[in-house]
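Colleague: Contents of start_13.txt (compact mmCIF, C-alpha atoms) are given next:
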```txt
# COMPACT_ATOMS: atom_id res chain seq x y z
CA MET A 26 -28.20 6.23 -0.42
CA VAL A 27 -25.83 3.25 -0.36
CA ASP A 28 -23.03 3.19 2.24
CA GLY A 29 -22.55 6.93 2.35
CA VAL A 30 -23.09 7.52 -1.38
CA ASP A 31 -26.12 9.54 -2.52
CA LEU A 32 -26.97 7.78 -5.77
CA ASP A 33 -29.26 10.55 -6.99
CA ALA A 34 -26.49 13.13 -6.56
CA LEU A 35 -24.03 10.76 -8.23
CA GLU A 36 -26.37 10.34 -11.21
CA ARG A 37 -26.62 14.10 -11.66
CA TRP A 38 -22.84 14.47 -11.52
CA MET A 39 -22.36 11.64 -14.03
CA ASP A 40 -24.87 13.33 -16.34
CA GLY A 41 -22.62 16.37 -16.36
CA GLN A 42 -19.62 14.20 -17.16
CA GLY A 43 -21.37 12.40 -20.02
CA LEU A 44 -21.10 9.08 -18.21
CA GLY A 45 -24.27 7.27 -19.18
CA GLU A 46 -27.85 8.15 -18.42
CA GLY A 47 -30.75 6.95 -16.35
CA ALA A 48 -30.72 5.18 -13.01
CA ILE A 49 -27.73 3.60 -11.31
CA ALA A 50 -28.28 -0.13 -10.92
CA ASP A 51 -26.81 -3.06 -8.99
CA ALA A 52 -24.97 -0.91 -6.45
CA ILE A 53 -23.02 -3.07 -3.99
CA THR A 54 -20.26 -2.35 -1.49
CA LEU A 55 -17.04 -4.22 -2.18
CA ALA A 56 -15.00 -5.81 0.59
CA GLY A 57 -11.29 -5.21 0.94
CA GLY A 58 -10.91 -1.67 2.25
CA THR A 59 -10.72 -1.20 6.01
CA GLN A 60 -11.74 2.46 5.93
CA ASN A 61 -12.35 3.84 2.46
CA ILE A 62 -15.57 2.89 0.67
CA LEU A 63 -15.66 0.96 -2.61
CA LEU A 64 -18.98 0.87 -4.41
CA ARG A 65 -19.53 -1.11 -7.60
CA PHE A 66 -22.50 -0.25 -9.81
CA SER A 67 -23.65 -0.11 -13.40
CA ARG A 68 -25.18 2.60 -15.55
CA SER A 69 -26.20 2.39 -19.19
CA GLY A 70 -24.67 -1.05 -19.45
CA ARG A 71 -21.22 0.01 -18.17
CA SER A 72 -19.74 -1.05 -14.83
CA TYR A 73 -17.96 1.34 -12.48
CA VAL A 74 -16.24 1.27 -9.11
CA LEU A 75 -16.49 4.39 -6.96
CA ARG A 76 -13.90 5.03 -4.25
CA ARG A 77 -14.49 7.62 -1.54
CA PRO A 78 -13.24 8.26 2.01
CA PRO A 79 -15.10 6.83 5.02
CA PRO A 80 -18.32 8.53 6.20
CA VAL A 81 -16.48 10.00 9.18
CA LEU A 82 -13.75 11.95 7.44
CA ARG A 83 -10.21 12.20 8.75
CA ALA A 84 -8.34 15.49 8.47
CA ASN A 85 -6.61 14.48 5.23
CA SER A 86 -9.23 12.13 3.75
CA ASN A 87 -10.22 14.25 0.78
CA GLU A 88 -6.68 15.27 -0.12
CA THR A 89 -5.62 11.62 0.04
CA MET A 90 -8.39 10.70 -2.37
CA ARG A 91 -7.33 13.46 -4.77
CA ARG A 92 -3.74 12.19 -4.62
CA GLU A 93 -4.85 8.63 -5.39
CA ALA A 94 -6.79 9.79 -8.44
CA ARG A 95 -3.82 11.84 -9.59
CA VAL A 96 -1.54 8.80 -9.39
CA LEU A 97 -3.96 6.58 -11.33
CA ALA A 98 -4.21 9.25 -14.02
CA ALA A 99 -0.41 9.47 -14.18
CA LEU A 100 -0.07 5.69 -14.59
CA LYS A 101 -2.37 5.55 -17.61
CA GLY A 102 -0.61 3.74 -20.45
CA SER A 103 2.19 2.44 -18.21
CA ASN A 104 3.17 -1.18 -17.61
CA VAL A 105 2.11 -0.93 -13.97
CA PRO A 106 -1.02 -3.05 -13.35
CA HIS A 107 -3.53 -0.60 -11.94
CA PRO A 108 -7.25 0.25 -12.07
CA GLU A 109 -8.04 2.44 -15.05
CA LEU A 110 -9.23 5.87 -13.92
CA ILE A 111 -12.51 6.99 -15.49
CA ALA A 112 -13.25 10.32 -13.84
CA THR A 113 -12.50 12.31 -10.69
CA CYS A 114 -14.71 14.58 -8.61
CA PRO A 115 -12.32 16.72 -6.55
CA GLU A 116 -15.22 18.71 -5.09
CA GLU A 117 -16.66 17.60 -1.76
CA ASP A 118 -20.23 18.86 -2.14
CA VAL A 119 -21.57 16.23 -4.57
CA ILE A 120 -21.72 13.27 -2.19
CA GLY A 121 -20.06 14.84 0.85
CA ALA A 122 -16.48 13.93 -0.06
CA CYS A 123 -14.06 13.82 -2.95
CA PHE A 124 -14.34 10.60 -4.99
CA TYR A 125 -13.28 8.99 -8.23
CA LEU A 126 -14.59 6.36 -10.62
CA MET A 127 -12.46 3.55 -12.01
CA GLU A 128 -12.87 0.48 -14.15
CA PRO A 129 -13.68 -2.72 -12.22
CA ILE A 130 -10.88 -5.26 -11.93
CA GLU A 131 -11.64 -8.92 -12.50
CA GLY A 132 -9.42 -10.64 -9.99
CA PHE A 133 -9.08 -11.84 -6.41
CA ASN A 134 -7.34 -10.77 -3.24
CA ALA A 135 -5.10 -13.65 -2.17
CA THR A 136 -5.46 -12.81 1.53
CA GLN A 137 -9.16 -13.69 1.23
CA GLY A 138 -8.30 -17.20 0.03
CA LEU A 139 -6.89 -18.78 -3.13
CA PRO A 140 -9.11 -20.13 -5.92
CA ALA A 141 -8.79 -23.86 -6.57
CA LEU A 142 -6.46 -23.28 -9.54
CA HIS A 143 -3.94 -21.33 -7.47
CA ALA A 144 -4.33 -23.43 -4.33
CA GLY A 145 -3.56 -26.57 -6.31
CA ASP A 146 -0.53 -25.44 -8.31
CA ALA A 147 2.76 -24.49 -6.63
CA ALA A 148 4.16 -23.21 -9.95
CA ILE A 149 1.32 -20.68 -10.22
CA ARG A 150 1.97 -19.55 -6.66
CA HIS A 151 5.65 -19.10 -7.49
CA ARG A 152 4.65 -16.96 -10.46
CA MET A 153 2.46 -14.78 -8.20
CA GLY A 154 5.50 -13.66 -6.21
CA LEU A 155 7.55 -12.88 -9.30
CA ALA A 156 4.62 -10.92 -10.77
CA MET A 157 4.52 -8.80 -7.63
CA VAL A 158 8.18 -7.89 -8.08
CA GLU A 159 7.57 -7.06 -11.74
CA ALA A 160 4.85 -4.59 -10.71
CA ILE A 161 7.11 -2.54 -8.41
CA ALA A 162 9.92 -2.78 -10.95
CA ALA A 163 7.58 -1.32 -13.57
CA LEU A 164 6.57 1.44 -11.13
CA SER A 165 10.22 2.28 -10.50
CA ARG A 166 10.70 2.86 -14.22
CA VAL A 167 7.90 5.43 -14.54
CA ASP A 168 9.42 8.87 -15.10
CA TYR A 169 7.68 10.94 -12.43
CA ARG A 170 8.57 14.16 -14.24
CA ALA A 171 7.12 12.98 -17.56
CA VAL A 172 3.80 12.14 -15.86
CA ARG A 173 3.78 15.47 -14.02
CA LEU A 174 4.28 14.15 -10.49
CA GLU A 175 7.40 16.21 -9.78
CA ASN A 176 5.70 17.96 -6.83
CA PHE A 177 4.08 14.78 -5.48
CA GLY A 178 6.58 14.37 -2.65
CA LYS A 179 9.59 16.04 -1.07
CA LEU A 180 12.81 14.54 -2.42
CA ASP A 181 15.27 16.89 -0.73
CA ASN A 182 17.12 15.00 2.03
CA TRP A 183 14.65 12.13 1.65
CA ILE A 184 17.06 9.55 3.09
CA GLU A 185 18.19 11.79 5.95
CA ARG A 186 14.61 12.59 7.00
CA GLN A 187 13.27 9.03 7.30
CA VAL A 188 14.26 8.03 10.83
CA GLY A 189 13.39 11.38 12.39
CA ARG A 190 10.02 11.46 10.64
CA TRP A 191 8.93 8.10 12.02
CA ALA A 192 10.57 8.53 15.42
CA SER A 193 8.46 11.68 15.84
CA GLN A 194 5.32 9.76 14.95
CA LEU A 195 6.15 7.09 17.51
CA ALA A 196 6.74 9.76 20.17
CA SER A 197 3.34 11.31 19.39
CA TYR A 198 1.60 8.16 20.63
CA ALA A 199 2.48 9.20 24.17
CA GLU A 200 -0.61 11.41 23.97
CA MET A 201 -2.73 8.24 24.09
CA PRO A 202 -3.57 7.37 27.72
CA GLY A 203 -2.61 3.84 28.65
CA TRP A 204 -0.21 3.24 25.75
CA THR A 205 2.44 0.70 26.72
CA GLY A 206 5.14 2.96 25.31
CA PRO A 207 8.23 2.44 23.14
CA ASP A 208 9.89 0.20 25.76
CA ALA A 209 7.41 -2.53 24.75
CA ILE A 210 8.93 -2.58 21.25
CA PRO A 211 12.18 -4.59 21.08
CA GLY A 212 15.20 -2.70 19.80
CA VAL A 213 13.36 0.43 18.69
CA ASP A 214 16.29 2.73 19.57
CA LYS A 215 18.91 0.27 18.31
CA VAL A 216 17.19 0.00 14.91
CA ALA A 217 16.90 3.78 14.62
CA LYS A 218 20.58 4.27 15.44
CA TRP A 219 21.59 1.59 12.93
CA LEU A 220 19.53 3.26 10.21
CA ASP A 221 21.10 6.64 10.88
CA ALA A 222 24.59 5.15 10.95
CA HIS A 223 24.19 3.17 7.70
CA ARG A 224 22.34 5.62 5.47
CA PRO A 225 23.01 5.27 1.73
CA THR A 226 24.91 8.24 0.37
CA SER A 227 22.60 8.72 -2.62
CA PHE A 228 19.47 7.30 -4.25
CA GLN A 229 17.66 7.16 -7.57
CA PRO A 230 14.29 8.87 -7.01
CA GLY A 231 10.99 7.60 -8.32
CA ILE A 232 7.39 6.78 -7.43
CA ILE A 233 6.73 4.65 -4.34
CA HIS A 234 3.46 2.79 -3.79
CA GLY A 235 4.12 2.95 -0.06
CA ASP A 236 2.20 -0.12 1.16
CA PHE A 237 3.06 -2.92 -1.23
CA HIS A 238 2.04 -6.38 -0.03
CA PHE A 239 -0.51 -9.12 -0.73
CA ALA A 240 -3.49 -7.32 0.82
CA ASN A 241 -3.20 -4.45 -1.68
CA LEU A 242 -3.10 -6.59 -4.82
CA LEU A 243 -5.60 -8.32 -7.08
CA PHE A 244 -4.47 -11.39 -9.01
CA ASP A 245 -5.78 -12.77 -12.29
CA ASN A 246 -8.42 -15.45 -11.83
CA ASP A 247 -6.88 -17.74 -14.43
CA SER A 248 -3.12 -17.42 -13.85
CA GLY A 249 -0.42 -16.23 -11.48
CA GLU A 250 -0.29 -12.80 -13.11
CA LEU A 251 -1.12 -9.60 -11.29
CA ALA A 252 -4.41 -7.96 -12.29
CA ALA A 253 -3.92 -4.68 -10.40
CA VAL A 254 -2.12 -2.90 -7.60
CA VAL A 255 -4.72 -1.09 -5.48
CA ASP A 256 -4.87 1.22 -2.44
CA TRP A 257 -2.52 3.99 -3.55
CA GLU A 258 -3.19 6.24 -0.56
CA LEU A 259 0.43 6.13 0.71
CA CYS A 260 1.94 6.74 -2.71
CA THR A 261 4.64 9.41 -2.84
CA LEU A 262 8.07 10.18 -4.26
CA GLY A 263 11.23 8.75 -2.77
CA ASP A 264 13.44 5.74 -3.40
CA PRO A 265 11.46 2.89 -5.03
CA LEU A 266 13.77 0.42 -3.28
CA LEU A 267 11.57 1.02 -0.24
CA ASP A 268 8.75 -0.85 -2.01
CA LEU A 269 11.06 -3.83 -2.39
CA GLY A 270 12.07 -3.46 1.26
CA TRP A 271 8.38 -3.34 2.22
CA LEU A 272 7.72 -6.54 0.30
CA ALA A 273 10.67 -8.19 2.05
CA ALA A 274 9.47 -6.96 5.45
CA THR A 275 6.03 -8.53 4.97
CA TRP A 276 7.21 -11.72 3.21
CA PRO A 277 7.71 -14.91 5.26
CA GLU A 278 11.36 -15.57 6.01
CA ASN A 279 11.14 -19.34 5.58
CA ASP A 280 8.81 -22.18 4.61
CA ASN A 281 6.92 -21.93 7.91
CA PRO A 282 5.31 -18.49 7.97
CA HIS A 283 5.09 -16.67 11.28
CA ALA A 284 1.58 -15.97 12.61
CA THR A 285 2.00 -12.26 11.85
CA ASP A 286 3.40 -12.68 8.32
CA VAL A 287 1.27 -11.61 5.36
CA ALA A 288 1.24 -15.20 4.13
CA ILE A 289 -1.12 -17.16 1.90
CA THR A 290 -2.30 -20.72 2.43
CA PRO A 291 -0.82 -22.92 1.11
CA TRP A 292 2.60 -21.25 1.13
CA GLU A 293 4.50 -24.04 -0.61
CA GLY A 294 5.98 -22.92 -3.93
CA PHE A 295 6.17 -19.19 -3.28
CA ALA A 296 9.49 -17.57 -4.14
CA THR A 297 12.05 -17.02 -1.40
CA PRO A 298 12.99 -13.48 -0.33
CA ASP A 299 16.35 -13.88 -2.06
CA GLU A 300 14.61 -14.87 -5.31
CA LEU A 301 12.43 -11.76 -5.14
CA VAL A 302 15.40 -9.46 -4.62
CA ALA A 303 17.38 -11.12 -7.41
CA HIS A 304 14.42 -10.84 -9.78
CA TYR A 305 14.08 -7.12 -9.00
CA ALA A 306 17.79 -6.56 -9.58
CA GLY A 307 17.63 -8.30 -12.95
CA LEU A 308 14.60 -6.28 -14.04
CA THR A 309 15.75 -2.83 -12.94
CA GLY A 310 19.53 -2.90 -12.93
CA ARG A 311 19.42 -0.88 -9.71
CA ASP A 312 22.30 -1.10 -7.28
CA LEU A 313 21.10 -3.19 -4.33
CA ALA A 314 24.27 -2.86 -2.24
CA ASP A 315 22.25 -0.94 0.39
CA PHE A 316 19.16 -3.13 0.23
CA ASP A 317 19.45 -4.14 3.90
CA TRP A 318 18.94 -0.48 4.82
CA TYR A 319 15.65 -0.33 2.91
CA ALA A 320 14.44 -3.64 4.35
CA VAL A 321 15.21 -2.44 7.88
CA LEU A 322 13.61 0.96 7.20
CA ALA A 323 10.47 -0.81 5.99
CA CYS A 324 10.28 -2.80 9.24
CA TYR A 325 10.83 0.39 11.24
CA LYS A 326 8.28 2.49 9.37
CA LEU A 327 5.57 -0.17 9.11
CA GLY A 328 6.04 -1.21 12.72
CA ILE A 329 5.56 2.37 13.91
CA ILE A 330 2.48 2.84 11.70
CA LEU A 331 0.88 -0.33 13.09
CA GLU A 332 1.77 0.66 16.66
CA GLY A 333 -0.44 3.71 16.19
CA THR A 334 -3.54 1.52 16.20
CA HIS A 335 -2.29 -0.26 19.32
CA ALA A 336 -1.84 3.12 21.04
CA ARG A 337 -5.36 4.15 20.07
CA ALA A 338 -6.69 0.81 21.33
CA CYS A 339 -4.95 1.37 24.68
CA ALA A 340 -6.80 4.69 24.88
CA GLY A 341 -10.14 3.09 24.01
CA LYS A 342 -10.25 4.66 20.55
CA ALA A 343 -9.88 1.40 18.57
CA PRO A 344 -10.87 -2.23 19.22
CA ARG A 345 -8.50 -3.78 21.75
CA GLU A 346 -8.32 -7.06 19.83
CA THR A 347 -7.18 -5.21 16.70
CA GLY A 348 -4.66 -3.17 18.66
CA ASP A 349 -3.17 -6.26 20.30
CA ARG A 350 -2.93 -8.06 16.96
CA LEU A 351 -1.15 -5.15 15.29
CA HIS A 352 1.17 -4.71 18.28
CA ALA A 353 2.23 -8.33 17.75
CA HIS A 354 2.98 -7.40 14.13
CA THR A 355 5.08 -4.45 15.31
CA ILE A 356 7.11 -6.67 17.65
CA HIS A 357 7.67 -9.19 14.85
CA LEU A 358 8.80 -6.46 12.45
CA PHE A 359 11.35 -5.08 14.89
CA GLU A 360 12.60 -8.58 15.64
CA ARG A 361 13.10 -9.05 11.90
CA ALA A 362 14.95 -5.75 11.71
CA LEU A 363 17.24 -6.78 14.58
CA ARG A 364 18.03 -10.08 12.88
CA ARG A 365 18.90 -8.31 9.67
CA ILE A 366 21.21 -5.73 11.24
CA SER A 367 23.03 -8.39 13.28
```
Could you show the structure in this file as structure tokens?
Modeller:
Amino acid sequence: MVDGVDLDALERWMDGQGLGEGAIADAITLAGGTQNILLRFSRSGRSYVLRRPPPVLRANSNETMRREARVLAALKGSNVPHPELIATCPEEDVIGACFYLMEPIEGFNATQGLPALHAGDAAIRHRMGLAMVEAIAALSRVDYRAVRLENFGKLDNWIERQVGRWASQLASYAEMPGWTGPDAIPGVDKVAKWLDAHRPTSFQPGIIHGDFHFANLLFDNDSGELAAVVDWELCTLGDPLLDLGWLAATWPENDNPHATDVAITPWEGFATPDELVAHYAGLTGRDLADFDWYAVLACYKLGIILEGTHARACAGKAPRETGDRLHAHTIHLFERALRRIS
């Protein structure tokens, strides 16, 4: 047993899938996921990475894992940098949860620190930002119908449902004793009203990663190219412009990153937000006249998601230090939204 994975049971399952033979070797837990488990191992000379939900399952853990595997299967052969899916076990009785196997990615997570090559070359860092935009542009071009993801999300009234969906989630935090409440978030009602009043009249549907920023990416060790987009658990259908908005919402606004920005050290050389948006427009040809709406929606949605951990921390169900840190992120996101709408 390694970190919630019964290796004997995994070996038997792999036997049935024709994936090597003999004992699993060199099993190690990979860092990077805050909840889901990543286990790298080898068998018969081939390396694998297993991804499964945490030992203490949430209500939707197994379904989320099945959705992730389905997305990776759908992306096979596309230009989207992603881990190659090897096999999926949708059943929960093999190791106690649904899981899938994927090819290992040789790369690094920039939030864990830059290698010397990247830390010493501003041009490579500039390329990293452009490569990120190219990944979501490639994802926006995937025909969700052709890859059989047409029922992967609800597209009817997608734009109209956004504010109400996340306002309801914010209201649900009132069930957490001790939560500081929505009044501690600057402009939460003003941002919601602005979003409802400035909704785009139409959109071009596609696949959304749902949480696109530095922490969910692996970069090539020898260049500024992107090795893979990971953590597809929030992937759904909607308007892919939200991924660009999400990137803008988490990208530093100037050359002096805020303490709560998802920034890399050193930051010098990275593309500006305007460069990222222009690069996306040139790659996709999408109409970005309503981009401000998507950037503000990203701040609104992400801020409310992060506030959930703060609410749980207030109730003693999450570490207080983590809750306070994420609450600071929420405040920063809403301040960014207010600056954009004004």
Colleague: What does the distance between CA of Gly189 in chain A and CA of Asp221 in chain A come to in Å, to one decimal place?
Modeller: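 Distance between the two atoms: 9.2 Å.
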Colleague: I'd like the neighbourhood of Ile161 in chain A as a PyMOL selection string, where a residue qualifies if any of its atoms comes within 9 Å (using only C-alpha atoms), though same-chain residues fewer than 6 positions away should be ignored.
Modeller: chain A and resi 105+233-234+237+265-266+268-269+305
Colleague: Let me make sure I understand: among A:Leu243, A:Leu267, A:Ala163, A:Ala336, which one has the smallest atom-to-atom distance to Ser197 in chain A if we use all atoms listed in the file?
Modeller: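 Counting all atoms listed in the file, the residue closest to Ser197 in chain A is A:Ala336.
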Colleague: Nearest to Glu278 in chain A among A:Leu155, A:Ala306, A:Leu322, A:Ala362, with distances taken over all atoms listed in the file: which residue is it?
Modeller: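 With all atoms listed in the file as the atom set, the closest residue is A:Ala362.
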Colleague: May I ask which of the residues A:Val302, A:Ala196, A:Ala253, A:Ala323 is the closest one to Val158 in chain A, counting only C-alpha atoms?
Modeller: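 Closest residue, counting only C-alpha atoms: A:Val302.
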Colleague: Using only C-alpha atoms, can you tell me which of A:Val172, A:Ile210, A:Ala353, A:Val81 comes closest to Thr285 in chain A?
Modeller: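 Closest to Thr285 in chain A of all the choices is A:Ala353.
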Colleague: Find, counting all atoms listed in the file, the residue in A:Pro225, A:Trp38, A:Val27, A:Pro207 that gets nearest to Ile62 in chain A.
Modeller: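 The answer is A:Val27, which sits nearest to Ile62 in chain A.
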Colleague: Have a look at CA of Val213 in chain A and CA of Gly178 in chain A and let me know their distance in Å, one decimal.
Modeller: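 Spanning CA of Val213 in chain A to CA of Gly178 in chain A is a straight-line distance of 26.4 Å.
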Colleague: So what do you get for CA of Leu164 in chain A versus CA of His238 in chain A, distance-wise?
Modeller: 14.3 Å
Colleague: Have a look at A:Gly29, A:Gly341, A:Gly132, A:Pro298 and name the one nearest to Gly154 in chain A; count all atoms listed in the file.
Modeller: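 For Gly154 in chain A, the nearest of the given residues is A:Pro298.
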Colleague: Need the shell around Arg170 in chain A: protein/DNA/RNA residues with any atom at most 12 Å away, counting only C-alpha atoms. Skip same-chain ones fewer than 2 positions apart. Format as number ranges by chain?
Modeller: A: 99, 166-168, 172-178, 230-232, 262
Colleague: Hey, what's within 12 Å of Ala34 in chain A if we count all atoms listed in the file and toss same-chain stuff fewer than 2 positions away? As a ChimeraX atom specification, please?
Modeller: /A:26-27,29-32,36-41,48-49,117-122
